[in-house]
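First up is the structure itself, then whatever we jot down about it.
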Amino acid sequence: MTRAIVGPEIERLIQLLARVPGLGPRSARRAALALMKRKEALMEPLGRAITEAAAAVSICPVCGNVDTQSPCSICRDPTRDASLLVVVEDVGDLWALERANATKGRYHVLGGVLSPLDGIGPDDLNLGNIVGRVRGEDGSVAEVILAMNATVEGQTTAHYITDQLAGTGARVSRLAHGVPVGGELDYLDDGTLAAAMKSRTPF
Ligand SMILES: [Zn+2]
C-alpha cells in the first residue's frame with residue numbers, strides 16, 4: 001500500500017500474516033479484516049493462543065520434532081515401537097504420517113534435505129545423532145524407514161543416510177514409489193509409472 005489507509009498496527013498485522021505459508025498479501029488483508037470484525041470471538045483468542053504457543057514451543061532434542069513438551073509427545077509415548085525409526089524431512093511429513101495412522105514407530109525429523117546447489121550439507125540437517133539413535137544403548141532399532149519425498153534431493157538424502165547407517169545392523173527401507181491408491185495408469189506421469197514398474201511387489 002503506497003498510501004496509508006489503515007493504522008500502523010493493522011499494517012504490521014497484514015505484513016506478518018502475508019509471511020505465513022499459504023497466505024499472500026491478498027489473503028493476509030482478508031484474514032486481518034476477518035479478525036478485526038470478530039475481535040472477541042477470534043482475534044483476541046488467536047492472539048493469546050499464539051503468545052502461549054510461542055512461549056512453550058521447542059524442538060525435541062531427541063528427534064527434532066516441534067512440540068510444547070520436551071522430549072516431544074511422541075518420544076515420551078511408551079506405546080511407540082522403539083525398534084522402528086521413521087526418518088522424515090519435516091514436521092509436516094510426520095503429521096501427515098500420523099494423520100494416516102501409517103506407523104507406530106518413532107521418528108527422526110531432519111529439518112530439510114541435502115541440496116548442494118542451495119549450499120545445504122549434512123551439517124545443516126538434524127543428522128548428528130541419527131547413527132547414535134539407531135545404535136542406541138541397547139541396539140533396539142531394528143529397522144529404519146526413510147520416508148523422504150520422491151524428489152532428487154529427498155533421494156540423495158536417503159542414499160546419504162543409508163551410507164551413514166551401514167554397519168549399525170539396522171535394516172534400512174524406503175517408501176514405495178508408484179501408483180497412488182485410487183490412481184489410474186493413464187493419468188500418471190512417465191517418471192511415476194516407470195518407478196512403479198521398477199518397485200513392483202509380488203502379488
Ligand atoms: Zn521427539
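Ligands are numbered from 1 in the order shown, residues from 1 within each chain, and chains are lettered A, B, ... in the order they appear in the C-alpha cells.
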### Message
ligand 1: which residues are within 7 Å, counting only C-alpha atoms and all ligand atoms? Reply as a PyMOL selection string.
### Response
chain A and resi 60-65+71-75
### Message
So that I can see what lies close to stretch 18-32 of chain A, please list as a VMD selection string the residues with an atom at most 12 Å from it, counting only C-alpha atoms and leaving out residues fewer than 4 positions away in the same chain.
### Response
chain A and resid 1 6 9 to 14 36 to 39 42 to 43 46
Please save N, CA, C and O atoms of the selected residues as a compact mmCIF listing (two decimals), in the first residue's frame.
```
# COMPACT_ATOMS: atom_id res chain seq x y z
N MET A 1 0.84 -1.19 0.00
CA MET A 1 0.00 0.00 0.00
C MET A 1 0.87 1.24 0.00
O MET A 1 1.68 1.44 0.91
N VAL A 6 -4.78 2.31 6.53
CA VAL A 6 -5.02 1.72 7.86
C VAL A 6 -3.88 2.16 8.77
O VAL A 6 -2.81 2.56 8.30
N GLU A 9 -0.58 -0.42 13.22
CA GLU A 9 -0.76 -1.73 13.87
C GLU A 9 -1.37 -2.74 12.89
O GLU A 9 -0.96 -3.90 12.84
N ILE A 10 -2.34 -2.27 12.15
CA ILE A 10 -3.02 -3.15 11.19
C ILE A 10 -2.09 -3.44 10.00
O ILE A 10 -2.01 -4.56 9.51
N GLU A 11 -1.38 -2.42 9.59
CA GLU A 11 -0.38 -2.59 8.51
C GLU A 11 0.62 -3.68 8.88
O GLU A 11 0.93 -4.58 8.08
N ARG A 12 1.08 -3.64 10.12
CA ARG A 12 2.06 -4.63 10.58
C ARG A 12 1.43 -6.02 10.64
O ARG A 12 2.05 -7.01 10.27
N LEU A 13 0.19 -6.09 11.13
CA LEU A 13 -0.52 -7.37 11.19
C LEU A 13 -0.62 -7.98 9.79
O LEU A 13 -0.34 -9.18 9.60
N ILE A 14 -0.99 -7.17 8.82
CA ILE A 14 -1.14 -7.66 7.45
C ILE A 14 0.21 -8.13 6.90
O ILE A 14 0.32 -9.20 6.29
N MET A 36 -10.45 -8.59 12.63
CA MET A 36 -10.90 -7.35 13.26
C MET A 36 -12.41 -7.33 13.44
O MET A 36 -12.92 -6.80 14.42
N LYS A 37 -13.12 -7.94 12.48
CA LYS A 37 -14.58 -7.99 12.60
C LYS A 37 -15.02 -8.91 13.73
O LYS A 37 -16.09 -8.75 14.27
N ARG A 38 -14.18 -9.91 14.03
CA ARG A 38 -14.51 -10.86 15.11
C ARG A 38 -13.47 -10.73 16.23
O ARG A 38 -12.76 -11.67 16.55
N LYS A 39 -13.40 -9.52 16.77
CA LYS A 39 -12.36 -9.19 17.74
C LYS A 39 -12.39 -10.10 18.97
O LYS A 39 -11.39 -10.74 19.29
N LEU A 42 -12.52 -14.17 17.87
CA LEU A 42 -11.42 -14.77 17.11
C LEU A 42 -10.07 -14.07 17.33
O LEU A 42 -9.08 -14.72 17.64
N MET A 43 -10.06 -12.75 17.18
CA MET A 43 -8.77 -12.05 17.19
C MET A 43 -8.07 -12.17 18.55
O MET A 43 -6.88 -12.48 18.62
N LEU A 46 -7.00 -15.80 19.36
CA LEU A 46 -5.87 -16.17 18.48
C LEU A 46 -4.58 -15.54 18.98
O LEU A 46 -3.53 -16.19 19.04
```
### Among listed residues A:Ser140, A:Ser173, A:Thr51, A:Thr157, nearest A:Gly121 (using only C-alpha atoms)
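Counting only C-alpha atoms, the residue closest to A:Gly121 is A:Thr157.
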### Query
Residues at most 12 Å from A:Thr168, counting only C-alpha atoms, excluding those fewer than 6 positions away in the same chain, as a list in words?
Ile130, Val131, Gly132, Arg133, Val134, Arg135, Gly136, Gly139, Ser140, Val141, Ala142, Glu143, Val144, Ile161 and Thr162 of chain A
Residues of the last selection are to be written out with all heavy atoms, as a compact mmCIF listing (two decimals), in the first residue's frame.
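Written output follows (selection.txt):
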```txt
# COMPACT_ATOMS: atom_id res chain seq x y z
N ILE A 130 21.78 -39.31 14.53
CA ILE A 130 20.95 -40.39 13.98
C ILE A 130 21.63 -41.75 14.11
O ILE A 130 20.98 -42.74 14.49
CB ILE A 130 20.50 -40.09 12.51
CG1 ILE A 130 19.45 -41.11 12.08
CG2 ILE A 130 21.67 -40.07 11.55
CD1 ILE A 130 18.72 -40.73 10.81
N VAL A 131 22.93 -41.82 13.85
CA VAL A 131 23.63 -43.10 13.98
C VAL A 131 23.60 -43.54 15.45
O VAL A 131 23.35 -44.71 15.75
CB VAL A 131 25.08 -43.01 13.45
CG1 VAL A 131 25.84 -44.30 13.74
CG2 VAL A 131 25.08 -42.71 11.96
N GLY A 132 23.81 -42.60 16.35
CA GLY A 132 23.76 -42.89 17.77
C GLY A 132 22.40 -43.41 18.19
O GLY A 132 22.30 -44.34 18.99
N ARG A 133 21.34 -42.80 17.64
CA ARG A 133 19.98 -43.26 17.98
C ARG A 133 19.75 -44.67 17.49
O ARG A 133 19.12 -45.48 18.16
CB ARG A 133 18.94 -42.35 17.32
CG ARG A 133 18.64 -41.10 18.06
CD ARG A 133 17.37 -40.46 17.53
NE ARG A 133 16.17 -41.03 18.11
CZ ARG A 133 14.94 -40.76 17.67
NH1 ARG A 133 14.77 -39.97 16.62
NH2 ARG A 133 13.90 -41.29 18.25
N VAL A 134 20.23 -44.97 16.26
CA VAL A 134 19.99 -46.29 15.69
C VAL A 134 20.81 -47.33 16.44
O VAL A 134 20.31 -48.41 16.76
CB VAL A 134 20.33 -46.30 14.19
CG1 VAL A 134 20.25 -47.71 13.63
CG2 VAL A 134 19.36 -45.39 13.42
N ARG A 135 22.04 -46.98 16.76
CA ARG A 135 22.85 -47.92 17.56
C ARG A 135 22.24 -48.08 18.94
O ARG A 135 22.09 -49.19 19.43
CB ARG A 135 24.29 -47.38 17.70
CG ARG A 135 25.13 -47.65 16.47
CD ARG A 135 26.53 -48.13 16.86
NE ARG A 135 27.23 -48.66 15.70
CZ ARG A 135 27.94 -47.92 14.87
NH1 ARG A 135 28.07 -46.64 15.09
NH2 ARG A 135 28.54 -48.46 13.83
N GLY A 136 21.87 -46.94 19.53
CA GLY A 136 21.24 -46.93 20.85
C GLY A 136 22.09 -47.58 21.91
O GLY A 136 23.07 -48.24 21.61
N GLY A 139 20.82 -51.05 21.37
CA GLY A 139 20.75 -51.51 19.99
C GLY A 139 19.35 -51.94 19.60
O GLY A 139 19.16 -52.93 18.90
N SER A 140 18.35 -51.17 20.05
CA SER A 140 16.97 -51.63 19.91
C SER A 140 16.34 -51.31 18.55
O SER A 140 15.30 -51.86 18.22
CB SER A 140 16.12 -51.04 21.02
OG SER A 140 16.28 -49.64 21.04
N VAL A 141 16.95 -50.40 17.75
CA VAL A 141 16.34 -50.06 16.46
C VAL A 141 16.68 -51.14 15.43
O VAL A 141 17.83 -51.32 15.06
CB VAL A 141 16.80 -48.68 15.95
CG1 VAL A 141 16.25 -48.40 14.56
CG2 VAL A 141 16.35 -47.59 16.91
N ALA A 142 15.65 -51.88 14.99
CA ALA A 142 15.85 -52.97 14.04
C ALA A 142 15.68 -52.51 12.61
O ALA A 142 16.30 -53.03 11.69
CB ALA A 142 14.88 -54.12 14.34
N GLU A 143 14.80 -51.50 12.41
CA GLU A 143 14.54 -51.03 11.05
C GLU A 143 14.44 -49.52 11.00
O GLU A 143 13.80 -48.90 11.85
CB GLU A 143 13.23 -51.65 10.51
CG GLU A 143 12.94 -51.22 9.08
CD GLU A 143 11.68 -51.86 8.49
OE1 GLU A 143 10.98 -52.59 9.21
OE2 GLU A 143 11.42 -51.61 7.31
N VAL A 144 15.08 -48.95 9.97
CA VAL A 144 14.98 -47.52 9.72
C VAL A 144 14.22 -47.36 8.41
O VAL A 144 14.61 -47.93 7.38
CB VAL A 144 16.37 -46.87 9.60
CG1 VAL A 144 16.24 -45.38 9.25
CG2 VAL A 144 17.15 -47.03 10.89
N ILE A 161 22.00 -41.13 4.08
CA ILE A 161 21.69 -41.71 5.39
C ILE A 161 21.95 -43.22 5.37
O ILE A 161 22.47 -43.78 6.34
CB ILE A 161 20.24 -41.40 5.80
CG1 ILE A 161 20.08 -39.89 6.01
CG2 ILE A 161 19.85 -42.14 7.07
CD1 ILE A 161 18.66 -39.43 6.20
N THR A 162 21.60 -43.86 4.25
CA THR A 162 21.85 -45.31 4.13
C THR A 162 23.34 -45.60 4.31
O THR A 162 23.72 -46.54 5.02
CB THR A 162 21.38 -45.81 2.75
OG1 THR A 162 20.00 -45.46 2.59
CG2 THR A 162 21.51 -47.33 2.63
```
### Task
Please identify which residues in stretch 27-70 of chain A DSSP calls strand (DSSP E or B) from the backbone, and express them as a PyMOL selection string.
chain A and resi 58-59+66-67
### Task
May I ask which of the residues A:Ile145, A:Val66, A:Val113, A:Ala34 is the closest one to A:Leu125, counting only C-alpha atoms?
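Checking each candidate against A:Leu125, we get A:Val113 as the closest.
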### Query
atom CA of A:Gln15 and atom CA of A:Ala96, how far apart in Å?
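Taking atom CA of A:Ala96 as the start and atom CA of A:Gln15 as the end point, the length is 28.8 Å.
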### Query
Which residue out of A:Ala147, A:Leu114, A:Thr201, A:Ala195 has the minimum interatomic distance to A:Tyr160 when only C-alpha atoms are used?
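Ranking A:Ala147, A:Leu114, A:Thr201, A:Ala195 by distance to A:Tyr160, first place goes to A:Leu114.
Here atom CA of A:Thr156 is placed at a distance of 12.4 Å from atom CA of A:Arg174.
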### Contacts of A:Ala158 at 12 Å (only C-alpha atoms; same-chain gap of 3+ positions) as a ChimeraX atom specification
/A:86-89,110,112-114,122,127,144-155,161-165,172-175
Any chance you could export the current selection's N, CA and C atoms as a PDB file, in the first residue's frame?
```pdb
ATOM      1  N   VAL A  86      11.371 -43.916  11.868  1.00  0.00           N
ATOM      2  CA  VAL A  86      10.929 -43.376  10.592  1.00  0.00           C
ATOM      3  C   VAL A  86      11.577 -42.005  10.388  1.00  0.00           C
ATOM      4  N   VAL A  87      12.377 -41.873   9.331  1.00  0.00           N
ATOM      5  CA  VAL A  87      13.085 -40.617   9.070  1.00  0.00           C
ATOM      6  C   VAL A  87      12.271 -39.778   8.091  1.00  0.00           C
ATOM      7  N   VAL A  88      11.961 -38.544   8.482  1.00  0.00           N
ATOM      8  CA  VAL A  88      11.194 -37.643   7.611  1.00  0.00           C
ATOM      9  C   VAL A  88      11.948 -36.328   7.415  1.00  0.00           C
ATOM     10  N   GLU A  89      11.569 -35.613   6.355  1.00  0.00           N
ATOM     11  CA  GLU A  89      12.239 -34.349   6.064  1.00  0.00           C
ATOM     12  C   GLU A  89      11.797 -33.257   7.033  1.00  0.00           C
ATOM     13  N   LEU A 110      14.563 -34.491  10.027  1.00  0.00           N
ATOM     14  CA  LEU A 110      15.817 -33.914   9.532  1.00  0.00           C
ATOM     15  C   LEU A 110      15.817 -32.390   9.504  1.00  0.00           C
ATOM     16  N   GLY A 112      14.910 -30.739   6.778  1.00  0.00           N
ATOM     17  CA  GLY A 112      15.288 -30.346   5.416  1.00  0.00           C
ATOM     18  C   GLY A 112      15.896 -31.521   4.678  1.00  0.00           C
ATOM     19  N   VAL A 113      16.487 -31.231   3.514  1.00  0.00           N
ATOM     20  CA  VAL A 113      17.157 -32.272   2.724  1.00  0.00           C
ATOM     21  C   VAL A 113      18.486 -31.737   2.220  1.00  0.00           C
ATOM     22  N   LEU A 114      19.366 -32.658   1.876  1.00  0.00           N
ATOM     23  CA  LEU A 114      20.647 -32.258   1.289  1.00  0.00           C
ATOM     24  C   LEU A 114      20.388 -31.599  -0.052  1.00  0.00           C
ATOM     25  N   PRO A 122      25.221 -31.906   5.110  1.00  0.00           N
ATOM     26  CA  PRO A 122      24.848 -32.724   6.270  1.00  0.00           C
ATOM     27  C   PRO A 122      24.834 -31.945   7.584  1.00  0.00           C
ATOM     28  N   LEU A 127      21.249 -34.457  11.634  1.00  0.00           N
ATOM     29  CA  LEU A 127      21.810 -35.770  11.306  1.00  0.00           C
ATOM     30  C   LEU A 127      22.832 -36.228  12.335  1.00  0.00           C
ATOM     31  N   VAL A 144      15.079 -48.954   9.974  1.00  0.00           N
ATOM     32  CA  VAL A 144      14.979 -47.522   9.718  1.00  0.00           C
ATOM     33  C   VAL A 144      14.219 -47.358   8.407  1.00  0.00           C
ATOM     34  N   ILE A 145      13.103 -46.610   8.452  1.00  0.00           N
ATOM     35  CA  ILE A 145      12.314 -46.365   7.242  1.00  0.00           C
ATOM     36  C   ILE A 145      12.594 -44.942   6.764  1.00  0.00           C
ATOM     37  N   LEU A 146      13.141 -44.814   5.567  1.00  0.00           N
ATOM     38  CA  LEU A 146      13.439 -43.496   5.022  1.00  0.00           C
ATOM     39  C   LEU A 146      12.199 -43.001   4.267  1.00  0.00           C
ATOM     40  N   ALA A 147      11.431 -42.131   4.948  1.00  0.00           N
ATOM     41  CA  ALA A 147      10.180 -41.632   4.366  1.00  0.00           C
ATOM     42  C   ALA A 147      10.409 -40.243   3.776  1.00  0.00           C
ATOM     43  N   MET A 148      11.350 -40.185   2.811  1.00  0.00           N
ATOM     44  CA  MET A 148      11.665 -38.900   2.209  1.00  0.00           C
ATOM     45  C   MET A 148      10.728 -38.640   1.030  1.00  0.00           C
ATOM     46  N   ASN A 149      10.673 -37.379   0.628  1.00  0.00           N
ATOM     47  CA  ASN A 149       9.896 -37.048  -0.572  1.00  0.00           C
ATOM     48  C   ASN A 149      10.554 -37.675  -1.793  1.00  0.00           C
ATOM     49  N   ALA A 150       9.740 -37.941  -2.828  1.00  0.00           N
ATOM     50  CA  ALA A 150      10.253 -38.577  -4.047  1.00  0.00           C
ATOM     51  C   ALA A 150      10.843 -37.522  -4.984  1.00  0.00           C
ATOM     52  N   THR A 151      11.741 -36.704  -4.415  1.00  0.00           N
ATOM     53  CA  THR A 151      12.433 -35.685  -5.205  1.00  0.00           C
ATOM     54  C   THR A 151      13.904 -36.075  -5.309  1.00  0.00           C
ATOM     55  N   VAL A 152      14.634 -35.431  -6.198  1.00  0.00           N
ATOM     56  CA  VAL A 152      16.066 -35.720  -6.326  1.00  0.00           C
ATOM     57  C   VAL A 152      16.758 -35.498  -4.982  1.00  0.00           C
ATOM     58  N   GLU A 153      16.441 -34.373  -4.327  1.00  0.00           N
ATOM     59  CA  GLU A 153      17.080 -34.051  -3.050  1.00  0.00           C
ATOM     60  C   GLU A 153      16.703 -35.083  -1.982  1.00  0.00           C
ATOM     61  N   GLY A 154      15.426 -35.465  -1.969  1.00  0.00           N
ATOM     62  CA  GLY A 154      14.963 -36.447  -0.989  1.00  0.00           C
ATOM     63  C   GLY A 154      15.689 -37.775  -1.150  1.00  0.00           C
ATOM     64  N   GLN A 155      15.859 -38.192  -2.397  1.00  0.00           N
ATOM     65  CA  GLN A 155      16.506 -39.476  -2.650  1.00  0.00           C
ATOM     66  C   GLN A 155      18.018 -39.398  -2.396  1.00  0.00           C
ATOM     67  N   ILE A 161      21.996 -41.129   4.078  1.00  0.00           N
ATOM     68  CA  ILE A 161      21.688 -41.715   5.391  1.00  0.00           C
ATOM     69  C   ILE A 161      21.945 -43.224   5.371  1.00  0.00           C
ATOM     70  N   THR A 162      21.598 -43.864   4.254  1.00  0.00           N
ATOM     71  CA  THR A 162      21.847 -45.308   4.125  1.00  0.00           C
ATOM     72  C   THR A 162      23.336 -45.600   4.305  1.00  0.00           C
ATOM     73  N   ASP A 163      24.180 -44.758   3.683  1.00  0.00           N
ATOM     74  CA  ASP A 163      25.634 -44.930   3.829  1.00  0.00           C
ATOM     75  C   ASP A 163      26.060 -44.753   5.288  1.00  0.00           C
ATOM     76  N   GLN A 164      25.483 -43.734   5.937  1.00  0.00           N
ATOM     77  CA  GLN A 164      25.849 -43.463   7.335  1.00  0.00           C
ATOM     78  C   GLN A 164      25.470 -44.627   8.253  1.00  0.00           C
ATOM     79  N   LEU A 165      24.369 -45.295   7.904  1.00  0.00           N
ATOM     80  CA  LEU A 165      23.847 -46.347   8.785  1.00  0.00           C
ATOM     81  C   LEU A 165      24.467 -47.721   8.527  1.00  0.00           C
ATOM     82  N   VAL A 172      17.466 -51.077   6.508  1.00  0.00           N
ATOM     83  CA  VAL A 172      17.051 -49.767   6.001  1.00  0.00           C
ATOM     84  C   VAL A 172      16.085 -49.974   4.837  1.00  0.00           C
ATOM     85  N   SER A 173      14.913 -49.352   4.927  1.00  0.00           N
ATOM     86  CA  SER A 173      13.941 -49.452   3.837  1.00  0.00           C
ATOM     87  C   SER A 173      13.485 -48.054   3.468  1.00  0.00           C
ATOM     88  N   ARG A 174      12.765 -47.963   2.345  1.00  0.00           N
ATOM     89  CA  ARG A 174      12.228 -46.660   1.952  1.00  0.00           C
ATOM     90  C   ARG A 174      10.787 -46.848   1.494  1.00  0.00           C
ATOM     91  N   LEU A 175      10.068 -45.759   1.400  1.00  0.00           N
ATOM     92  CA  LEU A 175       8.682 -45.842   0.949  1.00  0.00           C
ATOM     93  C   LEU A 175       8.649 -46.287  -0.502  1.00  0.00           C
TER      94      LEU A 175
END
```
### Query
If you measure from atom CA of A:Asn129 to atom CA of A:Ala166, what distance in Å do you get, rounded to one decimal?
14.7 Å
### Task
From the DSSP assignment of the backbone, select every residue of stretch 16-152 of chain A that is alpha helix (DSSP H), and format the answer as number ranges by chain.
A: 16-17, 25-37, 44-56, 73-76, 91-99, 130-135, 152
